file start_29.txt (compact mmCIF, C-alpha atoms)
# COMPACT_ATOMS: atom_id res chain seq x y z
CA MET U 22 -7.72 14.77 34.24
CA SER U 23 -6.35 11.56 35.73
CA GLY U 24 -7.71 9.47 32.87
CA VAL U 25 -6.47 11.62 29.99
CA TRP U 26 -3.57 9.25 29.39
CA ARG U 27 -6.08 6.66 28.17
CA ILE U 28 -7.09 9.00 25.34
CA VAL U 29 -3.44 9.48 24.40
CA ALA U 30 -2.80 5.74 24.54
CA ALA U 31 -5.84 5.00 22.38
CA ARG U 32 -4.70 7.58 19.85
CA GLU U 33 -1.19 6.03 19.72
CA ILE U 34 -2.72 2.60 19.08
CA VAL U 35 -5.18 3.80 16.43
CA VAL U 36 -2.52 5.81 14.56
CA LYS U 37 -0.18 2.82 14.53
CA LEU U 38 -2.85 0.39 13.39
CA ARG U 39 -3.72 2.75 10.52
CA ASP U 40 -0.07 2.88 9.49
CA ARG U 41 0.09 0.70 6.39
CA ASN U 42 3.83 0.12 6.77
CA PHE U 43 3.35 -1.16 10.33
CA VAL U 44 0.54 -3.52 9.37
CA ILE U 45 2.36 -4.83 6.29
CA SER U 46 5.64 -5.35 8.16
CA THR U 47 3.82 -7.24 10.92
CA VAL U 48 2.03 -9.51 8.46
CA VAL U 49 5.23 -10.08 6.45
CA THR U 50 7.14 -10.99 9.62
CA VAL U 51 4.49 -13.49 10.72
CA VAL U 52 4.44 -15.04 7.24
CA ALA U 53 8.25 -15.17 7.23
CA ILE U 54 8.30 -16.94 10.62
CA VAL U 55 5.73 -19.52 9.55
CA ALA U 56 7.32 -19.99 6.12
CA SER U 57 10.84 -20.43 7.49
CA LEU U 58 9.66 -23.06 9.97
CA ALA U 59 7.59 -24.79 7.28
CA VAL U 60 10.59 -24.92 4.93
CA SER U 61 12.79 -26.16 7.77
CA GLY U 62 10.29 -28.87 8.62
CA PHE U 63 9.95 -29.87 4.98
CA LEU U 64 13.69 -30.11 4.48
CA SER U 65 14.19 -32.08 7.68
CA SER U 66 11.41 -34.52 6.74
CA ARG U 67 12.75 -35.19 3.25
CA PRO U 68 14.29 -38.64 2.94
CA ASP U 69 18.08 -38.62 2.69
CA LYS U 70 18.86 -40.86 -0.26
CA VAL U 71 22.46 -42.05 -0.46
CA ASP U 72 23.60 -43.64 -3.71
CA VAL U 73 26.34 -46.22 -3.16
CA ALA U 74 28.53 -47.69 -5.88
CA ILE U 75 29.28 -51.30 -4.94
CA ALA U 76 31.64 -53.95 -6.26
CA GLY U 77 31.06 -57.60 -5.44
CA PRO U 78 27.91 -59.56 -4.54
CA GLU U 79 28.45 -59.32 -0.78
CA ALA U 80 28.42 -55.53 -0.94
CA ALA U 81 24.74 -55.61 -1.90
CA VAL U 82 24.00 -57.51 1.32
CA VAL U 83 25.84 -54.87 3.34
CA VAL U 84 23.80 -52.07 1.73
CA GLU U 85 20.54 -53.95 2.31
CA THR U 86 21.46 -54.50 5.97
CA ALA U 87 22.35 -50.79 6.33
CA ASN U 88 18.87 -49.91 5.07
CA GLY U 89 17.38 -52.16 7.74
CA LEU U 90 19.43 -50.52 10.48
CA ALA U 91 18.52 -47.02 9.29
CA SER U 92 14.85 -47.94 9.23
CA ALA U 93 15.05 -49.45 12.73
CA ALA U 94 16.61 -46.20 13.95
CA ASP U 95 13.52 -44.34 12.66
CA THR U 96 15.47 -42.18 10.21
CA ASP U 97 14.63 -41.14 6.66
CA THR U 98 18.00 -42.31 5.34
CA THR U 99 17.94 -44.87 2.55
CA PHE U 100 20.82 -46.45 0.65
CA THR U 101 20.62 -47.46 -3.01
CA GLY U 102 23.30 -49.77 -4.34
CA HIS U 103 24.67 -49.43 -7.88
CA ALA U 104 26.64 -52.52 -8.83
CA VAL U 105 29.72 -52.07 -11.02
CA ALA U 106 32.50 -54.35 -12.20
CA ASP U 107 35.43 -53.43 -9.95
CA ARG U 108 37.06 -50.84 -7.67
CA ALA U 109 38.19 -48.69 -10.59
CA ALA U 110 34.59 -48.32 -11.78
CA VAL U 111 33.47 -47.46 -8.23
CA GLU U 112 36.13 -44.74 -7.94
CA GLN U 113 35.13 -43.31 -11.32
CA LEU U 114 31.47 -42.98 -10.30
CA VAL U 115 32.53 -41.23 -7.09
CA ARG U 116 34.80 -38.81 -8.99
CA ASP U 117 32.00 -38.04 -11.45
CA ASP U 118 29.59 -37.29 -8.55
CA ALA U 119 27.28 -39.98 -9.87
CA VAL U 120 27.14 -41.47 -6.35
CA GLU U 121 27.81 -40.11 -2.88
CA VAL U 122 30.01 -42.97 -1.75
CA GLY U 123 31.54 -46.23 -2.89
CA LEU U 124 31.85 -49.58 -1.09
CA VAL U 125 34.50 -52.16 -2.02
CA PRO U 126 35.98 -55.23 -0.30
CA ALA U 127 39.23 -54.60 1.60
CA GLN U 128 40.55 -58.04 2.50
CA PRO U 129 41.43 -59.15 5.06
CA THR U 130 40.10 -56.20 7.12
CA GLY U 131 36.60 -56.17 5.66
CA TRP U 132 35.31 -53.20 3.67
CA GLN U 133 36.35 -49.76 2.54
CA LEU U 134 34.13 -46.75 1.93
CA ILE U 135 35.27 -44.37 -0.80
CA GLY U 136 34.36 -40.68 -0.85
CA LYS U 137 35.37 -37.79 -3.06
CA THR U 138 36.24 -34.86 -0.79
CA SER U 139 34.57 -35.64 2.55
CA GLU U 140 33.03 -38.47 4.53
CA ASN U 141 29.31 -39.17 4.32
CA ASP U 142 28.12 -39.41 7.93
CA GLU U 143 25.12 -41.62 7.16
CA ALA U 144 27.26 -44.08 5.22
CA THR U 145 29.90 -44.12 7.94
CA THR U 146 27.29 -44.84 10.61
CA TYR U 147 24.96 -47.36 9.02
CA ILE U 148 27.14 -49.14 6.48
CA THR U 149 29.86 -49.60 9.09
CA ALA U 150 27.28 -50.97 11.56
CA ALA U 151 25.89 -53.26 8.85
CA ALA U 152 29.32 -54.64 7.96
CA GLN U 153 30.05 -55.28 11.64
CA GLN U 154 26.71 -57.03 12.15
CA ILE U 155 27.26 -59.31 9.16
CA ALA U 156 30.79 -60.11 10.33
CA LEU U 157 29.53 -60.94 13.83
CA GLN U 158 26.87 -63.24 12.42
CA ARG U 159 29.41 -65.06 10.25
CA ASN U 160 31.97 -65.34 13.06
CA ALA U 161 29.31 -66.56 15.48
CA ALA U 162 28.28 -69.28 13.03
CA ASP U 163 31.91 -70.31 12.57
CA ALA U 164 32.32 -70.53 16.37
CA GLY U 165 29.14 -72.57 16.74
CA VAL U 166 27.35 -70.02 18.91
CA SER U 167 24.35 -67.79 18.32
CA LEU U 168 24.65 -64.07 17.70
CA GLU U 169 22.72 -63.40 20.92
CA GLU U 170 25.23 -65.46 22.92
CA LEU U 171 28.12 -63.71 21.26
CA ALA U 172 26.66 -60.29 22.07
CA ARG U 173 25.68 -61.11 25.66
CA GLY U 174 26.64 -58.26 27.99
CA ALA U 175 27.07 -55.75 25.18
CA ALA U 176 23.64 -54.07 25.40
CA VAL U 177 23.76 -50.33 26.09
CA SER U 178 20.75 -48.30 27.20
CA TYR U 179 20.40 -44.53 27.53
CA GLU U 180 18.82 -42.80 30.54
CA LEU U 181 18.11 -39.07 30.50
CA LEU U 182 18.49 -37.45 33.91
CA GLU U 183 16.53 -34.39 32.79
CA LYS U 184 13.69 -35.74 30.71
CA GLY U 185 11.94 -33.20 28.52
CA ALA U 186 14.93 -30.88 28.38
CA VAL U 187 15.30 -28.89 25.19
CA ASP U 188 17.92 -29.97 22.70
CA PRO U 189 21.03 -27.74 23.16
CA GLY U 190 21.02 -26.71 19.52
CA LEU U 191 17.34 -25.77 19.65
CA SER U 192 17.79 -23.84 22.92
CA LYS U 193 20.52 -21.73 21.29
CA ILE U 194 18.17 -20.93 18.42
CA VAL U 195 15.41 -20.01 20.87
CA ALA U 196 17.78 -17.70 22.80
CA PHE U 197 18.80 -16.02 19.55
CA VAL U 198 15.15 -15.52 18.57
CA PHE U 199 14.39 -13.96 21.97
CA ALA U 200 17.31 -11.54 21.59
CA PHE U 201 16.36 -10.63 18.02
CA LEU U 202 12.67 -10.06 18.85
CA PHE U 203 13.70 -7.88 21.80
CA TYR U 204 15.95 -5.81 19.55
CA LEU U 205 13.34 -5.53 16.80
CA ALA U 206 10.48 -4.44 19.07
CA SER U 207 12.63 -2.13 21.20
CA VAL U 208 14.03 -0.24 18.24
CA LEU U 209 10.88 -0.07 16.10
CA PHE U 210 8.47 1.00 18.83
CA GLY U 211 11.06 2.97 20.77
CA MET U 212 12.12 5.05 17.79
CA SER U 213 8.46 5.60 16.97
CA ILE U 214 7.93 7.09 20.44
CA ALA U 215 11.01 9.31 20.16
CA GLN U 216 10.07 10.58 16.71
CA SER U 217 6.51 11.28 17.82
CA VAL U 218 7.76 13.31 20.80
CA VAL U 219 10.28 15.36 18.83
CA GLU U 220 7.82 16.05 16.00
CA GLU U 221 5.23 17.37 18.46
CA LYS U 222 7.95 19.46 20.05
CA GLN U 223 9.32 20.75 16.74
CA ASN U 224 5.85 21.65 15.42
CA ARG U 225 4.88 23.31 18.73
CA ILE U 226 1.93 20.91 19.04
CA VAL U 227 3.17 19.99 22.49
CA GLU U 228 2.40 23.52 23.69
CA ILE U 229 -1.24 22.98 22.79
CA LEU U 230 -1.24 19.55 24.42
CA ALA U 231 0.40 20.96 27.56
CA SER U 232 -2.40 23.47 27.93
CA ALA U 233 -4.98 20.69 27.75
CA MET U 234 -3.37 18.01 29.95
CA PRO U 235 -0.48 17.46 32.38
CA LEU U 236 2.73 16.41 30.62
CA ARG U 237 2.90 13.40 32.93
CA GLN U 238 -0.39 12.16 31.44
CA LEU U 239 0.98 12.68 27.92
CA LEU U 240 4.03 10.57 28.73
CA ILE U 241 1.99 7.81 30.38
CA GLY U 242 -0.33 7.66 27.38
CA LYS U 243 2.52 7.38 24.87
CA VAL U 244 4.31 4.71 26.88
CA ALA U 245 1.15 2.71 27.57
CA GLY U 246 -0.11 2.80 23.99
CA ASN U 247 3.17 1.70 22.45
CA THR U 248 3.75 -0.91 25.16
CA VAL U 249 0.38 -2.50 24.39
CA LEU U 250 1.19 -2.56 20.67
CA ALA U 251 4.67 -3.98 21.24
CA PHE U 252 3.23 -6.63 23.57
CA LEU U 253 0.54 -7.68 21.08
CA GLN U 254 2.95 -7.80 18.15
CA LEU U 255 5.49 -9.76 20.15
CA ALA U 256 2.83 -12.21 21.34
CA LEU U 257 1.76 -12.66 17.71
CA PHE U 258 5.32 -13.41 16.60
CA VAL U 259 5.92 -15.83 19.47
CA GLY U 260 2.59 -17.56 18.84
CA ALA U 261 3.45 -17.99 15.16
CA GLY U 262 6.81 -19.45 16.10
CA LEU U 263 5.33 -21.92 18.61
CA ALA U 264 2.69 -23.00 16.12
CA GLY U 265 5.40 -23.54 13.54
CA LEU U 266 7.47 -25.62 15.96
CA ALA U 267 4.47 -27.78 16.74
CA ALA U 268 3.86 -28.30 13.03
CA THR U 269 7.48 -29.35 12.42
CA GLY U 270 7.41 -32.17 14.93
CA LYS U 271 8.99 -30.40 17.93
CA GLY U 272 5.93 -31.08 20.09
CA ALA U 273 7.91 -33.05 22.67
CA GLN U 274 9.95 -29.95 23.55
CA LEU U 275 7.19 -27.42 22.94
CA GLY U 276 6.07 -27.25 26.57
CA GLN U 277 9.38 -25.98 27.91
CA ILE U 278 9.89 -23.61 24.97
CA ALA U 279 6.36 -22.25 25.38
CA GLY U 280 7.01 -21.67 29.08
CA ALA U 281 10.22 -19.79 28.31
CA ALA U 282 8.42 -17.79 25.61
CA GLY U 283 5.71 -16.84 28.08
CA TRP U 284 8.29 -15.59 30.55
CA PHE U 285 10.00 -13.68 27.73
CA ILE U 286 6.78 -11.81 26.96
CA VAL U 287 6.26 -10.98 30.65
CA PHE U 288 9.86 -9.77 31.08
CA PHE U 289 9.59 -7.73 27.88
CA LEU U 290 6.33 -6.14 29.00
CA VAL U 291 7.84 -4.95 32.30
CA GLY U 292 11.18 -3.95 30.80
CA PHE U 293 9.71 -2.13 27.83
CA LEU U 294 7.92 0.27 30.18
CA ALA U 295 11.38 1.48 31.19
CA LEU U 296 12.73 1.48 27.63
CA ALA U 297 9.68 3.32 26.28
CA SER U 298 10.13 6.01 28.94
CA LEU U 299 13.79 6.40 27.98
CA TRP U 300 12.87 6.64 24.29
CA ALA U 301 10.41 9.40 25.17
CA VAL U 302 13.23 11.15 27.04
CA ALA U 303 15.46 10.85 23.96
CA GLY U 304 12.76 12.61 21.95
CA SER U 305 12.18 15.31 24.57
CA LEU U 306 15.90 16.16 24.78
CA ALA U 307 16.01 16.80 21.02
CA THR U 308 14.76 19.95 19.36
CA ARG U 309 14.76 18.67 15.78
CA SER U 310 14.49 15.21 14.24
CA GLU U 311 18.18 15.46 13.32
CA ASP U 312 19.06 15.59 17.04
CA LEU U 313 17.64 12.13 17.68
CA GLN U 314 20.77 10.41 16.39
CA SER U 315 22.67 12.01 19.25
CA THR U 316 20.10 11.85 22.06
CA ALA U 317 19.15 8.24 21.28
CA THR U 318 22.71 6.91 20.95
CA PRO U 319 23.12 5.77 24.61
CA LEU U 320 19.80 3.92 24.46
CA SER U 321 20.65 2.32 21.11
CA MET U 322 23.95 1.13 22.57
CA LEU U 323 22.15 -0.37 25.58
CA ILE U 324 19.81 -2.29 23.30
CA MET U 325 22.75 -3.57 21.25
CA ILE U 326 24.49 -4.73 24.43
CA VAL U 327 21.38 -6.65 25.47
CA LEU U 328 21.16 -8.17 21.97
CA PHE U 329 24.76 -9.40 22.04
CA ALA U 330 24.42 -10.59 25.65
CA GLY U 331 21.42 -12.69 24.68
CA ILE U 332 23.26 -14.23 21.73
CA PHE U 333 26.82 -14.73 22.98
CA LEU U 334 26.79 -14.98 26.77
CA ASP U 335 26.79 -18.43 28.34
CA GLY U 336 27.71 -20.10 31.59
CA THR U 337 28.29 -17.78 34.56
CA GLY U 338 28.02 -14.70 32.37
CA ARG U 339 24.47 -15.61 31.33
CA VAL U 340 23.49 -16.40 34.92
CA ILE U 341 24.66 -12.96 36.06
CA ALA U 342 22.98 -11.24 33.09
CA SER U 343 19.70 -13.00 33.90
CA TYR U 344 19.44 -10.95 37.11
CA ILE U 345 20.50 -7.58 35.66
CA PRO U 346 17.45 -5.49 34.69
CA ILE U 347 16.94 -5.09 30.91
CA THR U 348 19.49 -7.81 30.02
CA SER U 349 17.33 -10.24 32.00
CA ILE U 350 14.62 -9.75 29.34
CA VAL U 351 16.53 -12.12 27.06
CA ALA U 352 18.98 -13.85 29.42
CA MET U 353 16.49 -15.36 31.88
CA PRO U 354 14.06 -16.75 29.23
CA GLY U 355 17.11 -18.11 27.41
CA ARG U 356 18.16 -20.00 30.55
CA LEU U 357 14.60 -21.26 31.01
CA ALA U 358 14.63 -22.56 27.44
CA GLU U 359 17.81 -24.53 28.03
CA GLY U 360 16.57 -25.77 31.43
CA THR U 361 19.36 -24.29 33.58
CA ALA U 362 17.21 -21.97 35.75
CA ALA U 363 15.41 -23.05 38.92
CA TRP U 364 11.68 -22.37 39.21
CA TRP U 365 12.16 -19.43 41.62
CA GLU U 366 14.82 -17.58 39.60
CA PRO U 367 12.52 -15.88 37.04
CA PHE U 368 10.35 -14.54 39.88
CA LEU U 369 13.36 -12.97 41.58
CA ALA U 370 14.71 -11.56 38.31
CA LEU U 371 11.28 -10.16 37.42
CA ALA U 372 11.02 -8.48 40.84
CA LEU U 373 14.41 -6.83 40.29
CA MET U 374 13.27 -5.74 36.84
CA ALA U 375 10.06 -4.23 38.25
CA VAL U 376 11.96 -2.24 40.88
CA ALA U 377 14.44 -0.97 38.31
CA THR U 378 11.63 -0.10 35.89
CA TYR U 379 9.84 1.90 38.56
CA GLY U 380 12.99 3.90 39.32
CA ILE U 381 13.74 4.51 35.63
CA VAL U 382 10.18 5.66 34.91
CA ILE U 383 10.26 8.12 37.85
CA VAL U 384 13.53 9.68 36.67
CA ALA U 385 12.49 9.61 33.00
CA GLU U 386 9.21 11.36 33.78
CA LYS U 387 11.09 14.16 35.53
CA ILE U 388 13.52 14.62 32.61
CA TYR U 389 10.70 14.43 30.05
CA ARG U 390 8.56 16.99 31.86
CA ARG U 391 11.43 19.45 32.32
CA SER U 392 12.89 19.22 28.81
CA LEU U 393 9.77 18.90 26.65
CA MET U 394 9.01 22.64 26.63
CA GLN U 395 12.63 23.67 26.02
CA THR U 396 13.04 24.56 22.34
CA GLN U 397 16.26 26.57 22.40
CA GLY U 398 18.48 23.63 21.52
CA ARG U 399 19.40 20.04 22.24
CA LEU U 400 19.72 19.16 25.93
CA THR U 401 21.66 16.57 27.87
CA MET U 402 20.11 14.58 30.71
CA ARG U 403 22.19 16.51 33.23
CA GLN U 404 20.99 19.83 31.84
CA ALA U 405 17.38 18.65 31.86
CA LEU U 406 17.60 17.52 35.48
CA ALA U 407 19.06 20.91 36.45
CA LEU U 408 16.01 22.72 35.05
CA GLU U 409 13.19 23.86 37.27
CA ASP U 410 9.72 22.35 36.93
call {"tool": "encode", "arguments": {"input": "start_29.txt", "output": "structure tokens"}}
result
Amino acid sequence: MSGVWRIVAAREIVVKLRDRNFVISTVVTVVAIVASLAVSGFLSSRPDKVDVAIAGPEAAVVVETANGLASAADTDTTFTGHAVADRAAVEQLVRDDAVEVGLVPAQPTGWQLIGKTSENDEATTYITAAAQQIALQRNAADAGVSLEELARGAAVSYELLEKGAVDPGLSKIVAFVFAFLFYLASVLFGMSIAQSVVEEKQNRIVEILASAMPLRQLLIGKVAGNTVLAFLQLALFVGAGLAGLAATGKGAQLGQIAGAAGWFIVFFLVGFLALASLWAVAGSLATRSEDLQSTATPLSMLIMIVLFAGIFLDGTGRVIASYIPITSIVAMPGRLAEGTAAWWEPFLALALMAVATYGIVIVAEKIYRRSLMQTQGRLTMRQALALED
């Protein structure tokens, strides 16, 4: 009888794979992940064309120089000058939204950019740099020195102390994705376990199952089957996301993100064993499907806390959460994605998670076994623990 749980697990997997809603939702989610990353990559790769209304012949030189600087910076920003008669015509084009920005002489200070309601960052950066470069060249010629001599000692280089680190903005997105995937898988598969348990209990099928196998084997089978499915679905989602990142030009940071994603899957696999057991307990404590809202509330609240911790915690709070079992499922991979965790930290956090999971599964099995055959009414955990085997 020791291997009966494998039959139960196989049945859980087969039933789920035959569920059209499950298959469709999985495919739709994968497509949505790939499509969203493809759209993001397409939008980020589109050239940013900035139309500039210009007055005066020298303004055209400034715009042309700005294009050269933008190209040298390896950006997709391009500036197109539209020559008009005077400042009034420039202002009119800006008001009519015919151009993004205007450029007019502002003697004796140099130049003035004209916007409608807000500043254009590209124009501010490159047109300003172009105007300064032209002014330096002219002033250097007037002083009888070369531009290189005039700029001697002004070179600035950039050294990264942590090469290969993930961009802070991208690491926040990755942490959010980890938290959301945890929430999605925990609720979908967890509620499926709870509903399966309470339906078998409500229909008295569990009495037939109990006569054919130990209840411990039934629990192990349900937890194992749904854990395998959750793991495979999660791996599929993460794989789709990593492939999408690689396709959108994030290959330089893909290694660290992939490492964090791998740890996330491992943490989820260990932690979900505990969550799945608790979901089975929520189902065993209920007598009818309507009772699940009450018996599953504490577990739903725990999952929401982990979700919010993964999204909003930072600094010391995130470090602490990365060692607390269950919350470490999202907190530790999030720290790994942003590069703030030492190599040994995930091993320690995973060990703590494994110990906590073992304890939770032992207690959950006892509650499940004692409450599953009780059909008189909804039970609390305390009442279930007080029952005799």
call {"tool": "closest_atom_pairs", "arguments": {"input": "start_29.txt", "of": "segment 208-288 of chain U", "to": "segment 293-300 of chain U", "cutoff": "12 Å", "atoms": "all atoms listed in the file", "output": "CSV"}}
result
residue,atom,partner,partner_atom,distance
U:Val208,CA,U:Trp300,CA,9.2
U:Leu209,CA,U:Trp300,CA,10.8
U:Phe210,CA,U:Ala297,CA,7.9
U:Gly211,CA,U:Trp300,CA,5.4
U:Met212,CA,U:Trp300,CA,6.7
U:Ser213,CA,U:Trp300,CA,8.6
U:Ile214,CA,U:Trp300,CA,6.3
U:Ala215,CA,U:Trp300,CA,5.3
U:Gln216,CA,U:Trp300,CA,9.0
U:Ser217,CA,U:Trp300,CA,10.2
U:Val218,CA,U:Trp300,CA,9.1
U:Val219,CA,U:Trp300,CA,10.6
U:Arg237,CA,U:Ser298,CA,11.1
U:Leu239,CA,U:Ser298,CA,11.4
U:Leu240,CA,U:Ser298,CA,7.6
U:Ile241,CA,U:Ser298,CA,8.5
U:Gly242,CA,U:Ser298,CA,10.7
U:Lys243,CA,U:Ala297,CA,8.4
U:Val244,CA,U:Ala297,CA,5.6
U:Ala245,CA,U:Leu294,CA,7.7
U:Gly246,CA,U:Ala297,CA,10.1
U:Asn247,CA,U:Ala297,CA,7.7
U:Thr248,CA,U:Leu294,CA,6.6
U:Val249,CA,U:Leu294,CA,9.9
U:Leu250,CA,U:Phe293,CA,11.1
U:Ala251,CA,U:Phe293,CA,8.5
U:Phe252,CA,U:Phe293,CA,9.0
U:Leu255,CA,U:Phe293,CA,11.6
U:Phe285,CA,U:Phe293,CA,11.6
U:Ile286,CA,U:Phe293,CA,10.2
U:Val287,CA,U:Phe293,CA,9.9
U:Phe288,CA,U:Phe293,CA,8.3
call {"tool": "write_last_selection", "arguments": {"input": "start_29.txt", "atoms": "C-alpha atoms", "output": "compact mmCIF listing (two decimals), keeping the file's coordinate frame"}}
result
# COMPACT_ATOMS: atom_id res chain seq x y z
CA VAL U 208 14.03 -0.24 18.24
CA LEU U 209 10.88 -0.07 16.10
CA PHE U 210 8.47 1.00 18.83
CA GLY U 211 11.06 2.97 20.77
CA MET U 212 12.12 5.05 17.79
CA SER U 213 8.46 5.60 16.97
CA ILE U 214 7.93 7.09 20.44
CA ALA U 215 11.01 9.31 20.16
CA GLN U 216 10.07 10.58 16.71
CA SER U 217 6.51 11.28 17.82
CA VAL U 218 7.76 13.31 20.80
CA VAL U 219 10.28 15.36 18.83
CA ARG U 237 2.90 13.40 32.93
CA LEU U 239 0.98 12.68 27.92
CA LEU U 240 4.03 10.57 28.73
CA ILE U 241 1.99 7.81 30.38
CA GLY U 242 -0.33 7.66 27.38
CA LYS U 243 2.52 7.38 24.87
CA VAL U 244 4.31 4.71 26.88
CA ALA U 245 1.15 2.71 27.57
CA GLY U 246 -0.11 2.80 23.99
CA ASN U 247 3.17 1.70 22.45
CA THR U 248 3.75 -0.91 25.16
CA VAL U 249 0.38 -2.50 24.39
CA LEU U 250 1.19 -2.56 20.67
CA ALA U 251 4.67 -3.98 21.24
CA PHE U 252 3.23 -6.63 23.57
CA LEU U 255 5.49 -9.76 20.15
CA PHE U 285 10.00 -13.68 27.73
CA ILE U 286 6.78 -11.81 26.96
CA VAL U 287 6.26 -10.98 30.65
CA PHE U 288 9.86 -9.77 31.08
call {"tool": "closest_residue", "arguments": {"input": "start_29.txt", "among": "U:Glu386, U:Ala151, U:Gly165, U:Gly280", "to": "Trp364 of chain U", "atoms": "all atoms listed in the file"}}
result
U:Gly280
call {"tool": "atom_distance", "arguments": {"input": "start_29.txt", "atom1": "atom CA of Asn141 of chain U", "atom2": "atom CA of Leu157 of chain U"}}
result
23.8 Å
call {"tool": "closest_residue", "arguments": {"input": "start_29.txt", "among": "U:Ala358, U:Val84, U:Ala370, U:Leu320", "to": "Thr99 of chain U", "atoms": "only C-alpha atoms"}}
result
U:Val84
call {"tool": "residues_around", "arguments": {"input": "start_29.txt", "residues": "Thr130 of chain U", "least_positions_apart": "5", "cutoff": "12 Å", "atoms": "all atoms listed in the file", "output": "short mmCIF file (atom, residue, chain, number, x, y, z; two decimals) with C-alpha atoms, in the coordinates of the input"}}
result
data_model
loop_
_atom_site.label_atom_id
_atom_site.label_comp_id
_atom_site.auth_asym_id
_atom_site.auth_seq_id
_atom_site.Cartn_x
_atom_site.Cartn_y
_atom_site.Cartn_z
CA VAL U 125 34.50 -52.16 -2.02
CA ALA U 152 29.32 -54.64 7.96
CA GLN U 153 30.05 -55.28 11.64
CA ALA U 156 30.79 -60.11 10.33
#
call {"tool": "atom_distance", "arguments": {"input": "start_29.txt", "atom1": "atom CA of Trp26 of chain U", "atom2": "atom CA of Ala256 of chain U"}}
result
23.8 Å
call {"tool": "atom_distance", "arguments": {"input": "start_29.txt", "atom1": "atom CA of Trp284 of chain U", "atom2": "atom CA of Tyr344 of chain U"}}
result
13.7 Å
call {"tool": "closest_residue", "arguments": {"input": "start_29.txt", "among": "U:Glu220, U:Asp335, U:Val259, U:Ala150", "to": "Met353 of chain U", "atoms": "only C-alpha atoms"}}
result
U:Asp335
call {"tool": "residues_around", "arguments": {"input": "start_29.txt", "residues": "Val291 of chain U", "least_positions_apart": "5", "cutoff": "8 Å", "atoms": "all atoms listed in the file", "output": "list in words"}}
result
Met374, Ala375 and Thr378 of chain U
call {"tool": "write_last_selection", "arguments": {"input": "start_29.txt", "atoms": "C-alpha atoms", "output": "compact mmCIF listing (two decimals), keeping the file's coordinate frame"}}
result
# COMPACT_ATOMS: atom_id res chain seq x y z
CA MET U 374 13.27 -5.74 36.84
CA ALA U 375 10.06 -4.23 38.25
CA THR U 378 11.63 -0.10 35.89
call {"tool": "closest_residue", "arguments": {"input": "start_29.txt", "among": "U:Thr316, U:Thr149, U:Ser349, U:Gln238", "to": "Phe199 of chain U", "atoms": "all atoms listed in the file"}}
result
U:Ser349
call {"tool": "residues_around", "arguments": {"input": "start_29.txt", "residues": "Ala106 of chain U", "least_positions_apart": "4", "cutoff": "12 Å", "atoms": "all atoms listed in the file", "output": "number ranges by chain"}}
result
U: 74-78, 110-114, 125
call {"tool": "residues_around", "arguments": {"input": "start_29.txt", "residues": "Ala377 of chain U", "least_positions_apart": "5", "cutoff": "9 Å", "atoms": "only C-alpha atoms", "output": "ChimeraX atom specification"}}
result
/U:292,295,346-347,372,382
call {"tool": "residues_around", "arguments": {"input": "start_29.txt", "residues": "Val351 of chain U", "least_positions_apart": "4", "cutoff": "8 Å", "atoms": "all atoms listed in the file", "output": "PyMOL selection string"}}
result
chain U and resi 196+199-200+203+285+327-328+331+343+355
call {"tool": "closest_residue", "arguments": {"input": "start_29.txt", "among": "U:Ile54, U:Ala127, U:Ile278, U:Ile155", "to": "Gly360 of chain U", "atoms": "only C-alpha atoms"}}
result
U:Ile278
call {"tool": "closest_atom_pairs", "arguments": {"input": "start_29.txt", "of": "segment 312-344 of chain U", "to": "segment 387-402 of chain U", "cutoff": "10 Å", "atoms": "only C-alpha atoms", "output": "Markdown table"}}
result
| residue | atom | partner | partner_atom | distance |
| --- | --- | --- | --- | --- |
| U:Asp312 | CA | U:Arg399 | CA | 6.9 |
| U:Leu313 | CA | U:Arg399 | CA | 9.3 |
| U:Ser315 | CA | U:Arg399 | CA | 9.2 |
| U:Thr316 | CA | U:Thr401 | CA | 7.6 |
call {"tool": "closest_residue", "arguments": {"input": "start_29.txt", "among": "U:Leu90, U:Ile28, U:Leu373, U:Ala144", "to": "Asp69 of chain U", "atoms": "only C-alpha atoms"}}
result
U:Ala144
call {"tool": "residues_near_point", "arguments": {"input": "start_29.txt", "point": "(24.5, -62.4, 13.9)", "cutoff": "10 Å", "atoms": "all atoms listed in the file", "output": "list in words"}}
result
Gln153, Gln154, Ile155, Ala156, Leu157, Gln158, Arg159, Asn160, Ala161, Ala162, Val166, Ser167, Leu168, Glu169, Glu170, Leu171 and Ala172 of chain U
